[in-house]
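Containing mmCIF, C-alpha atoms: final.cif.
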```
data_model
loop_
_atom_site.label_atom_id
_atom_site.label_comp_id
_atom_site.auth_asym_id
_atom_site.auth_seq_id
_atom_site.Cartn_x
_atom_site.Cartn_y
_atom_site.Cartn_z
CA MET H 1287 4.12 45.46 42.17
CA LYS H 1288 5.09 41.79 42.39
CA GLN H 1289 1.72 40.76 40.93
CA MET H 1290 2.12 43.20 38.05
CA PHE H 1291 5.58 41.78 37.32
CA LEU H 1292 4.26 38.20 37.26
CA PHE H 1293 1.42 39.22 34.94
CA PHE H 1294 3.95 40.89 32.63
CA ILE H 1295 6.11 37.73 32.52
CA LEU H 1296 3.04 35.55 31.89
CA SER H 1297 1.88 37.83 29.07
CA ILE H 1298 5.28 37.63 27.37
CA THR H 1299 5.29 33.84 27.68
CA LEU H 1300 1.81 33.47 26.17
CA PHE H 1301 2.65 35.86 23.35
CA ALA H 1302 5.95 34.13 22.62
CA SER H 1303 4.56 30.60 22.52
CA GLN H 1304 1.07 29.46 21.60
CA GLU H 1305 0.41 25.87 22.64
CA TYR H 1306 -2.27 23.60 21.14
CA PHE H 1307 -3.15 19.93 21.03
CA ALA H 1308 -4.50 18.04 18.02
CA LYS H 1309 -5.01 14.48 16.88
CA LEU H 1310 -2.93 13.41 13.89
CA GLU H 1311 -5.34 12.52 11.10
CA PRO H 1312 -4.89 11.45 7.47
CA ILE H 1313 -5.03 14.29 4.99
CA HIS H 1314 -7.71 12.39 3.05
CA THR H 1315 -10.13 9.66 4.10
CA TYR H 1316 -12.06 7.85 1.39
CA LYS H 1317 -15.32 5.98 1.87
CA VAL H 1318 -15.15 3.64 -1.12
CA LYS H 1319 -18.55 2.72 -2.55
CA SER H 1320 -19.45 0.34 -5.31
CA SER H 1321 -20.17 1.86 -8.71
CA VAL H 1322 -21.47 -1.44 -10.11
CA SER H 1323 -23.87 -4.24 -9.21
CA GLY H 1324 -22.86 -7.83 -8.56
CA GLN H 1325 -22.02 -10.53 -6.07
CA VAL H 1326 -18.88 -10.15 -3.98
CA THR H 1327 -16.66 -13.12 -4.79
CA TYR H 1328 -13.55 -12.15 -2.79
CA VAL H 1329 -12.76 -10.04 0.26
CA ASN H 1330 -9.16 -9.63 1.41
CA SER H 1331 -10.14 -9.26 5.06
CA SER H 1332 -6.55 -9.93 6.15
CA LEU H 1333 -5.71 -6.40 4.97
CA GLU H 1334 -8.21 -4.69 7.28
CA ALA H 1335 -6.48 -2.32 9.69
CA MET H 1336 -3.26 -2.61 7.68
CA GLN H 1337 -1.07 -0.06 5.96
CA LEU H 1338 -0.51 -0.99 2.32
CA THR H 1339 2.59 -0.12 0.34
CA ASP H 1340 2.23 -2.21 -2.83
CA SER H 1341 -0.96 -2.50 -4.85
CA GLN H 1342 -3.28 -5.06 -3.27
CA LEU H 1343 -6.68 -6.45 -4.27
CA ILE H 1344 -9.19 -5.55 -1.56
CA ILE H 1345 -12.55 -6.64 -2.99
CA LYS H 1346 -13.61 -8.49 -6.13
CA ILE H 1347 -17.14 -8.44 -7.54
CA ASP H 1348 -18.19 -11.16 -9.98
CA ASP H 1349 -17.03 -10.15 -13.48
CA THR H 1350 -17.25 -13.52 -15.27
CA VAL H 1351 -20.00 -12.53 -17.71
CA ASN H 1352 -18.37 -9.15 -18.32
CA LYS H 1353 -15.08 -10.81 -19.29
CA ILE H 1354 -16.84 -13.19 -21.72
CA ASP H 1355 -18.74 -10.27 -23.22
CA LEU H 1356 -15.50 -8.29 -23.54
CA LYS H 1357 -13.70 -11.16 -25.28
CA GLN H 1358 -16.55 -11.68 -27.78
CA SER H 1359 -16.89 -7.93 -28.40
CA LYS H 1360 -13.20 -7.69 -29.27
CA ILE H 1361 -13.56 -10.57 -31.76
CA LYS H 1362 -16.59 -8.85 -33.33
CA LEU H 1363 -14.67 -5.60 -33.55
CA GLN H 1364 -11.75 -7.26 -35.29
CA ASN H 1365 -14.09 -8.95 -37.80
CA LEU H 1366 -15.98 -5.72 -38.49
CA GLN H 1367 -12.76 -3.83 -39.08
CA MET H 1368 -11.79 -6.45 -41.67
CA ILE H 1369 -15.23 -6.16 -43.31
CA GLN H 1370 -14.94 -2.37 -43.36
CA SER H 1371 -11.53 -2.64 -45.04
CA LEU H 1372 -12.93 -4.97 -47.71
CA GLU H 1373 -15.92 -2.72 -48.35
CA GLU H 1374 -13.62 0.28 -48.78
CA GLU H 1375 -11.55 -1.68 -51.31
CA ASN H 1376 -14.76 -2.56 -53.16
CA LEU H 1377 -15.73 1.10 -53.30
CA GLU H 1378 -12.33 1.99 -54.77
CA ARG H 1379 -12.89 -0.61 -57.49
CA PHE H 1380 -16.43 0.68 -58.13
CA GLU H 1381 -15.07 4.18 -58.61
CA LYS H 1382 -12.78 2.90 -61.40
CA VAL H 1383 -15.50 1.00 -63.23
CA SER H 1384 -17.62 3.25 -65.43
CA SER H 1385 -20.38 0.65 -65.73
CA LYS H 1386 -21.18 0.90 -62.05
CA SER H 1387 -24.12 3.20 -61.48
CA LYS H 1388 -24.33 5.98 -58.89
CA PHE H 1389 -26.89 3.83 -57.09
CA ASP H 1390 -24.39 0.96 -56.74
CA LYS H 1391 -21.68 3.29 -55.52
CA ASP H 1392 -23.98 4.95 -52.99
CA ASN H 1393 -25.06 1.54 -51.66
CA GLN H 1394 -21.41 0.65 -51.22
CA ARG H 1395 -20.81 3.90 -49.28
CA ILE H 1396 -23.81 3.07 -47.07
CA LYS H 1397 -22.28 -0.33 -46.27
CA ILE H 1398 -19.06 1.38 -45.19
CA LEU H 1399 -20.95 3.93 -43.07
CA ASN H 1400 -22.96 1.15 -41.40
CA ALA H 1401 -19.78 -0.76 -40.63
CA THR H 1402 -18.14 2.40 -39.27
CA SER H 1403 -21.15 3.10 -37.05
CA THR H 1404 -21.20 -0.47 -35.69
CA ILE H 1405 -17.45 -0.31 -35.04
CA SER H 1406 -17.94 2.91 -33.07
CA ASP H 1407 -20.71 1.31 -30.99
CA LEU H 1408 -18.53 -1.73 -30.30
CA GLN H 1409 -15.58 0.42 -29.25
CA THR H 1410 -17.84 2.23 -26.78
CA ARG H 1411 -19.12 -1.12 -25.47
CA ILE H 1412 -15.59 -2.45 -25.05
CA ALA H 1413 -14.52 0.69 -23.15
CA THR H 1414 -17.60 0.39 -20.90
CA LEU H 1415 -16.93 -3.29 -20.22
CA GLU H 1416 -13.27 -2.61 -19.40
CA ASP H 1417 -14.34 0.13 -16.99
CA THR H 1418 -16.93 -2.16 -15.38
CA ILE H 1419 -14.35 -4.94 -14.91
CA LYS H 1420 -11.91 -2.44 -13.41
CA ASN H 1421 -14.60 -1.23 -10.98
CA LYS H 1422 -15.28 -4.83 -9.96
CA ASN H 1423 -11.66 -5.39 -8.96
CA LEU H 1424 -10.76 -2.83 -6.32
CA TYR H 1425 -7.05 -2.37 -5.71
CA GLU H 1426 -5.39 0.03 -3.26
CA SER H 1427 -1.81 1.09 -2.62
CA ASN H 1428 -0.28 3.45 -0.07
CA ARG H 1429 -3.50 3.38 1.92
CA TYR H 1430 -4.55 2.37 5.41
CA ILE H 1431 -7.54 0.03 4.99
CA TYR H 1432 -10.22 -0.39 7.64
CA ASP H 1433 -13.95 -0.88 8.14
CA ILE H 1434 -14.49 -3.41 5.33
CA ALA H 1435 -18.27 -3.41 5.15
CA VAL H 1436 -19.05 -6.44 2.96
CA GLU H 1437 -18.40 -10.17 3.03
CA GLN H 1438 -17.93 -12.81 0.35
CA GLY H 1439 -21.34 -13.74 -1.04
CA ASP H 1440 -22.95 -10.36 -0.45
CA TYR H 1441 -24.76 -8.73 -3.36
CA VAL H 1442 -23.97 -5.05 -3.83
CA ASN H 1443 -25.57 -2.26 -5.83
CA PRO H 1444 -24.15 1.10 -6.95
CA GLY H 1445 -23.71 3.20 -3.82
CA THR H 1446 -23.12 0.29 -1.44
CA GLN H 1447 -20.22 1.14 0.89
CA LEU H 1448 -17.36 -1.34 0.57
CA TYR H 1449 -14.58 -0.08 2.83
CA THR H 1450 -12.77 2.99 4.13
CA ALA H 1451 -9.24 3.96 3.15
CA MET H 1452 -6.87 6.56 4.55
CA ASP H 1453 -4.22 8.32 2.47
CA ARG H 1454 -0.86 7.52 4.10
CA SER H 1455 1.17 10.04 2.11
CA LYS H 1456 0.41 12.91 4.49
CA GLY H 1457 -1.07 13.56 7.88
CA LYS H 1458 -2.70 16.73 9.15
CA LEU H 1459 -3.04 18.48 12.46
CA VAL H 1460 -6.00 20.84 12.80
CA VAL H 1461 -5.92 23.66 15.35
CA TYR H 1462 -7.95 26.81 15.84
CA ILE H 1463 -5.95 29.97 16.33
CA PRO H 1464 -7.23 33.36 17.53
CA ILE H 1465 -8.13 35.65 14.66
CA ASP H 1466 -6.18 38.58 16.09
CA GLN H 1467 -2.99 36.48 16.31
CA ALA H 1468 -3.25 34.64 12.99
CA GLN H 1469 -0.80 36.78 11.03
CA THR H 1470 1.73 36.74 13.87
CA ILE H 1471 1.51 32.97 14.30
CA LYS H 1472 2.11 32.41 10.57
CA GLN H 1473 5.61 33.87 10.94
CA LYS H 1474 6.62 31.62 13.83
CA ASP H 1475 8.40 28.28 13.95
CA ILE H 1476 6.32 25.18 14.57
CA TYR H 1477 7.26 22.75 17.33
CA ILE H 1478 5.72 19.27 17.48
CA ASP H 1479 5.93 17.51 20.85
CA GLY H 1480 8.63 19.92 21.91
CA GLU H 1481 10.83 19.49 18.83
CA LYS H 1482 11.39 22.29 16.32
CA THR H 1483 10.35 21.43 12.77
CA ASP H 1484 10.65 23.03 9.37
CA LEU H 1485 6.90 22.68 8.86
CA LYS H 1486 4.75 25.61 7.84
CA ILE H 1487 1.05 26.27 8.08
CA ALA H 1488 -0.38 24.51 5.03
CA LYS H 1489 -3.87 26.00 5.15
CA LEU H 1490 -5.31 28.91 7.05
CA TYR H 1491 -9.05 29.43 6.57
CA THR H 1492 -9.46 33.18 7.01
CA VAL H 1493 -13.14 32.91 7.80
CA ALA H 1494 -14.33 32.65 11.39
CA ASP H 1495 -15.05 29.03 12.24
CA GLU H 1496 -18.72 28.18 12.80
CA GLN H 1497 -17.98 26.50 16.13
CA TYR H 1498 -15.00 28.56 17.30
CA ILE H 1499 -16.30 31.94 16.17
CA SER H 1500 -13.26 33.93 17.31
CA SER H 1501 -10.76 31.60 15.62
CA TYR H 1502 -9.46 30.57 12.22
CA LYS H 1503 -9.09 26.93 11.30
CA CYS H 1504 -5.47 26.06 10.65
CA GLU H 1505 -3.95 22.91 9.09
CA ILE H 1506 -0.38 21.67 9.46
CA HIS H 1507 0.62 18.84 7.11
CA LEU H 1508 3.12 16.14 8.09
CA PRO H 1509 4.76 14.00 5.36
CA ASN H 1510 4.70 10.19 5.64
CA PRO H 1511 3.32 9.75 9.16
CA GLN H 1512 4.01 6.39 10.76
CA SER H 1513 0.60 6.20 12.43
CA PHE H 1514 -2.59 8.16 12.99
CA SER H 1515 -4.81 9.14 15.92
CA SER H 1516 -1.92 10.04 18.24
CA LEU H 1517 -2.27 13.27 20.20
CA LYS H 1518 0.33 15.90 19.29
CA LYS H 1519 1.34 19.06 21.09
CA ILE H 1520 1.78 21.99 18.69
CA GLU H 1521 3.59 25.16 19.66
CA PHE H 1522 4.22 28.34 17.68
CA LYS H 1523 7.39 30.10 18.88
#
```
Any chance you could put this one into structure tokens?
Amino acid sequence: MKQMFLFFILSITLFASQEYFAKLEPIHTYKVKSSVSGQVTYVNSSLEAMQLTDSQLIIKIDDTVNKIDLKQSKIKLQNLQMIQSLEEENLERFEKVSSKSKFDKDNQRIKILNATSTISDLQTRIATLEDTIKNKNLYESNRYIYDIAVEQGDYVNPGTQLYTAMDRSKGKLVVYIPIDQAQTIKQKDIYIDGEKTDLKIAKLYTVADEQYISSYKCEIHLPNPQSFSSLKKIEFK
């Protein structure tokens, strides 16, 4: 009788409070890879294993030629736009002069079309150069930077890993809860390290986990964690 009573008390306790342990991880981890080719001219290695708040330059890839090309392309664009404007004015004058043949007027239209086409090509080139320069100057903010994989002087190609960054805005705790208790657990309060929180289950994957076949994967998100990798006790009461 005494054993049955103890089993009853234990069953109530287990049903009332489910206890789990999970490591606090960033909600997103990014492996930043180069999208361009070039020589690394600057590495801010002092930022490795640091939490950034303001925007900081992490890695710079040589963009000298790209900047010269961009400057010259903008000058060419400005000149072509002036030429296009003059050619359009010439066409307006041609239209008012009856002595101008259709052939002359068509040639003038062709000049305008050629200028328009070249302007379009230059605008695309300028946009591409600006994007390339941006991708050669890698800034991060509100990230935890670690595992910088290149050094000054290295030559990188598209796909070369540069560094890893963690999103500091949120952390996540991942636990695996029994399928038959999932709906009940969703209604309970969440305690972290013994303290009641107002947190809720952020994600519940209602498909049996491949490793824990009798459980659902469950994520709890924590705003603005101070650090990662610490072990947390999670209870549902």
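Atom CA of H:Ser1501 to atom CA of H:Gly1457 spans 21.9 Å [interatomic distance, one decimal].
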Cut-off 8 Å around (-5.0, 8.7, 12.3) with only C-alpha atoms: residues as a list in words: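 Selection result: Lys1309, Leu1310, Glu1311, Pro1312, Gly1457, Ser1513, Phe1514, Ser1515 and Ser1516 of chain H.
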Let me see the file: selected residues, C-alpha atoms, as a tab-separated table (two decimals), in the frame of the given file.
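Output file result25.tsv is given in full below:
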```
chain	number	residue	atom	x	y	z
H	1309	LYS	CA	-5.01	14.48	16.88
H	1310	LEU	CA	-2.93	13.41	13.89
H	1311	GLU	CA	-5.34	12.52	11.10
H	1312	PRO	CA	-4.89	11.45	7.47
H	1457	GLY	CA	-1.07	13.56	7.88
H	1513	SER	CA	0.60	6.20	12.43
H	1514	PHE	CA	-2.59	8.16	12.99
H	1515	SER	CA	-4.81	9.14	15.92
H	1516	SER	CA	-1.92	10.04	18.24
```
In Å and to one decimal, atom CA of H:Leu1338 is distant from atom CA of H:Arg1454 by 8.7 Å
Translate the PyMOL selection byres ((chain H and resi 1348) around 7), as applied to the file shown, into an explicit residue set as number ranges by chain. H: 1324-1327, 1346-1347, 1349-1350, 1422
Expected file: the selected residues, C-alpha atoms, as a PDB file, in the coordinates of the input:
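Once written, part01.pdb looks like this:
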```pdb
ATOM      1  CA  GLY H1324     -22.860  -7.830  -8.560  1.00  0.00           C
ATOM      2  CA  GLN H1325     -22.020 -10.530  -6.070  1.00  0.00           C
ATOM      3  CA  VAL H1326     -18.880 -10.150  -3.980  1.00  0.00           C
ATOM      4  CA  THR H1327     -16.660 -13.120  -4.790  1.00  0.00           C
ATOM      5  CA  LYS H1346     -13.610  -8.490  -6.130  1.00  0.00           C
ATOM      6  CA  ILE H1347     -17.140  -8.440  -7.540  1.00  0.00           C
ATOM      7  CA  ASP H1349     -17.030 -10.150 -13.480  1.00  0.00           C
ATOM      8  CA  THR H1350     -17.250 -13.520 -15.270  1.00  0.00           C
ATOM      9  CA  LYS H1422     -15.280  -4.830  -9.960  1.00  0.00           C
TER      10      LYS H1422
END
```
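For the choices H:Asp1433, H:Asp1479, H:Glu1426, H:Asp1495, the atom-to-atom distance to H:Ile1344 is smallest for H:Glu1426 when using all atoms listed in the file.
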Hey, what's within 12 Å of H:Asn1400 if we count only C-alpha atoms and toss same-chain stuff fewer than 3 positions away? As a PDB file with C-alpha atoms, in the frame of the given file, please?
```pdb
ATOM      1  CA  LEU H1366     -15.980  -5.720 -38.490  1.00  0.00           C
ATOM      2  CA  GLN H1367     -12.760  -3.830 -39.080  1.00  0.00           C
ATOM      3  CA  ILE H1369     -15.230  -6.160 -43.310  1.00  0.00           C
ATOM      4  CA  GLN H1370     -14.940  -2.370 -43.360  1.00  0.00           C
ATOM      5  CA  GLU H1373     -15.920  -2.720 -48.350  1.00  0.00           C
ATOM      6  CA  GLU H1374     -13.620   0.280 -48.780  1.00  0.00           C
ATOM      7  CA  ASN H1393     -25.060   1.540 -51.660  1.00  0.00           C
ATOM      8  CA  GLN H1394     -21.410   0.650 -51.220  1.00  0.00           C
ATOM      9  CA  ARG H1395     -20.810   3.900 -49.280  1.00  0.00           C
ATOM     10  CA  ILE H1396     -23.810   3.070 -47.070  1.00  0.00           C
ATOM     11  CA  LYS H1397     -22.280  -0.330 -46.270  1.00  0.00           C
ATOM     12  CA  SER H1403     -21.150   3.100 -37.050  1.00  0.00           C
ATOM     13  CA  THR H1404     -21.200  -0.470 -35.690  1.00  0.00           C
ATOM     14  CA  ILE H1405     -17.450  -0.310 -35.040  1.00  0.00           C
ATOM     15  CA  SER H1406     -17.940   2.910 -33.070  1.00  0.00           C
ATOM     16  CA  ASP H1407     -20.710   1.310 -30.990  1.00  0.00           C
TER      17      ASP H1407
END
```
Computed interatomic separation between atom CA of H:Ser1341 and atom CA of H:Asp1453 (Å):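 Computed distance, atom CA of H:Ser1341 to atom CA of H:Asp1453, equals 13.5 Å.
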Selection dump of the PyMOL selection byres ((chain H and resi 1416) around 12), as a ChimeraX atom specification: /H:1349,1352-1357,1359-1360,1409-1415,1417-1423
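The smallest atom-to-atom distance between H:Thr1450 and any of H:Gln1469, H:Ser1320, H:Gln1364, H:Gln1497, using all atoms listed in the file, is found for H:Ser1320.
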Take the PyMOL selection byres ((chain H and resi 1468) around 10), run it mentally on this structure, and tell me the resulting residues as a ChimeraX atom specification. /H:1462-1467,1469-1473,1490,1492,1501-1504
Excluding H:Ile1434 and any residue of its chain fewer than 2 positions from it, enumerate the residues within 9 Å of it, using only C-alpha atoms, and give them as a ChimeraX atom specification. /H:1329,1331,1334,1344,1431-1432,1436-1437,1447-1450
Could those residues be written to a file, using C-alpha atoms, as a JSON list (two decimals), in the coordinates of the input?
```json
[["chain", "number", "residue", "atom", "x", "y", "z"],
["H", 1329, "VAL", "CA", -12.76, -10.04, 0.26],
["H", 1331, "SER", "CA", -10.14, -9.26, 5.06],
["H", 1334, "GLU", "CA", -8.21, -4.69, 7.28],
["H", 1344, "ILE", "CA", -9.19, -5.55, -1.56],
["H", 1431, "ILE", "CA", -7.54, 0.03, 4.99],
["H", 1432, "TYR", "CA", -10.22, -0.39, 7.64],
["H", 1436, "VAL", "CA", -19.05, -6.44, 2.96],
["H", 1437, "GLU", "CA", -18.40, -10.17, 3.03],
["H", 1447, "GLN", "CA", -20.22, 1.14, 0.89],
["H", 1448, "LEU", "CA", -17.36, -1.34, 0.57],
["H", 1449, "TYR", "CA", -14.58, -0.08, 2.83],
["H", 1450, "THR", "CA", -12.77, 2.99, 4.13]]
```
N, CA and C atoms are what I want for stretch 1496-1520 of chain H; can you complete it accordingly and write them as a short mmCIF file (atom, residue, chain, number, x, y, z; two decimals), keeping the file's coordinate frame?
```
data_model
loop_
_atom_site.label_atom_id
_atom_site.label_comp_id
_atom_site.auth_asym_id
_atom_site.auth_seq_id
_atom_site.Cartn_x
_atom_site.Cartn_y
_atom_site.Cartn_z
N GLU H 1496 -17.33 28.19 12.34
CA GLU H 1496 -18.72 28.18 12.80
C GLU H 1496 -18.82 27.82 14.28
N GLN H 1497 -17.93 26.92 14.73
CA GLN H 1497 -17.98 26.50 16.13
C GLN H 1497 -17.13 27.41 17.02
N TYR H 1498 -15.90 27.69 16.54
CA TYR H 1498 -15.00 28.56 17.30
C TYR H 1498 -15.02 29.93 16.62
N ILE H 1499 -16.00 30.73 16.95
CA ILE H 1499 -16.30 31.94 16.17
C ILE H 1499 -15.21 33.00 16.23
N SER H 1500 -14.33 32.93 17.22
CA SER H 1500 -13.26 33.93 17.31
C SER H 1500 -11.93 33.38 16.80
N SER H 1501 -11.99 32.26 16.06
CA SER H 1501 -10.76 31.60 15.62
C SER H 1501 -10.81 31.26 14.14
N TYR H 1502 -9.61 31.09 13.57
CA TYR H 1502 -9.46 30.57 12.22
C TYR H 1502 -9.02 29.11 12.31
N LYS H 1503 -9.53 28.31 11.39
CA LYS H 1503 -9.09 26.93 11.30
C LYS H 1503 -7.74 26.88 10.61
N CYS H 1504 -6.84 26.11 11.16
CA CYS H 1504 -5.47 26.06 10.65
C CYS H 1504 -5.05 24.60 10.48
N GLU H 1505 -4.42 24.27 9.34
CA GLU H 1505 -3.95 22.91 9.09
C GLU H 1505 -2.43 22.90 8.95
N ILE H 1506 -1.81 21.93 9.61
CA ILE H 1506 -0.38 21.67 9.46
C ILE H 1506 -0.25 20.27 8.87
N HIS H 1507 0.48 20.13 7.78
CA HIS H 1507 0.62 18.84 7.11
C HIS H 1507 1.97 18.19 7.44
N LEU H 1508 1.92 16.91 7.77
CA LEU H 1508 3.12 16.14 8.09
C LEU H 1508 3.34 15.08 7.02
N PRO H 1509 4.52 15.02 6.40
CA PRO H 1509 4.76 14.00 5.36
C PRO H 1509 5.00 12.62 5.96
N ASN H 1510 4.46 11.60 5.30
CA ASN H 1510 4.70 10.19 5.64
C ASN H 1510 4.61 9.87 7.13
N PRO H 1511 3.47 10.11 7.74
CA PRO H 1511 3.32 9.75 9.16
C PRO H 1511 3.37 8.25 9.35
N GLN H 1512 3.91 7.81 10.48
CA GLN H 1512 4.01 6.39 10.76
C GLN H 1512 2.69 5.81 11.27
N SER H 1513 1.89 6.66 11.91
CA SER H 1513 0.60 6.20 12.43
C SER H 1513 -0.32 7.41 12.58
N PHE H 1514 -1.60 7.10 12.81
CA PHE H 1514 -2.59 8.16 12.99
C PHE H 1514 -3.22 8.06 14.38
N SER H 1515 -4.01 9.08 14.69
CA SER H 1515 -4.81 9.14 15.92
C SER H 1515 -4.01 9.51 17.17
N SER H 1516 -2.69 9.64 17.06
CA SER H 1516 -1.92 10.04 18.24
C SER H 1516 -2.11 11.52 18.51
N LEU H 1517 -2.09 11.88 19.79
CA LEU H 1517 -2.27 13.27 20.20
C LEU H 1517 -0.92 13.99 20.13
N LYS H 1518 -0.91 15.15 19.45
CA LYS H 1518 0.33 15.90 19.29
C LYS H 1518 0.20 17.28 19.95
N LYS H 1519 1.29 17.70 20.54
CA LYS H 1519 1.34 19.06 21.09
C LYS H 1519 1.98 19.97 20.05
N ILE H 1520 1.29 21.04 19.70
CA ILE H 1520 1.78 21.99 18.69
C ILE H 1520 2.05 23.33 19.37
#
```
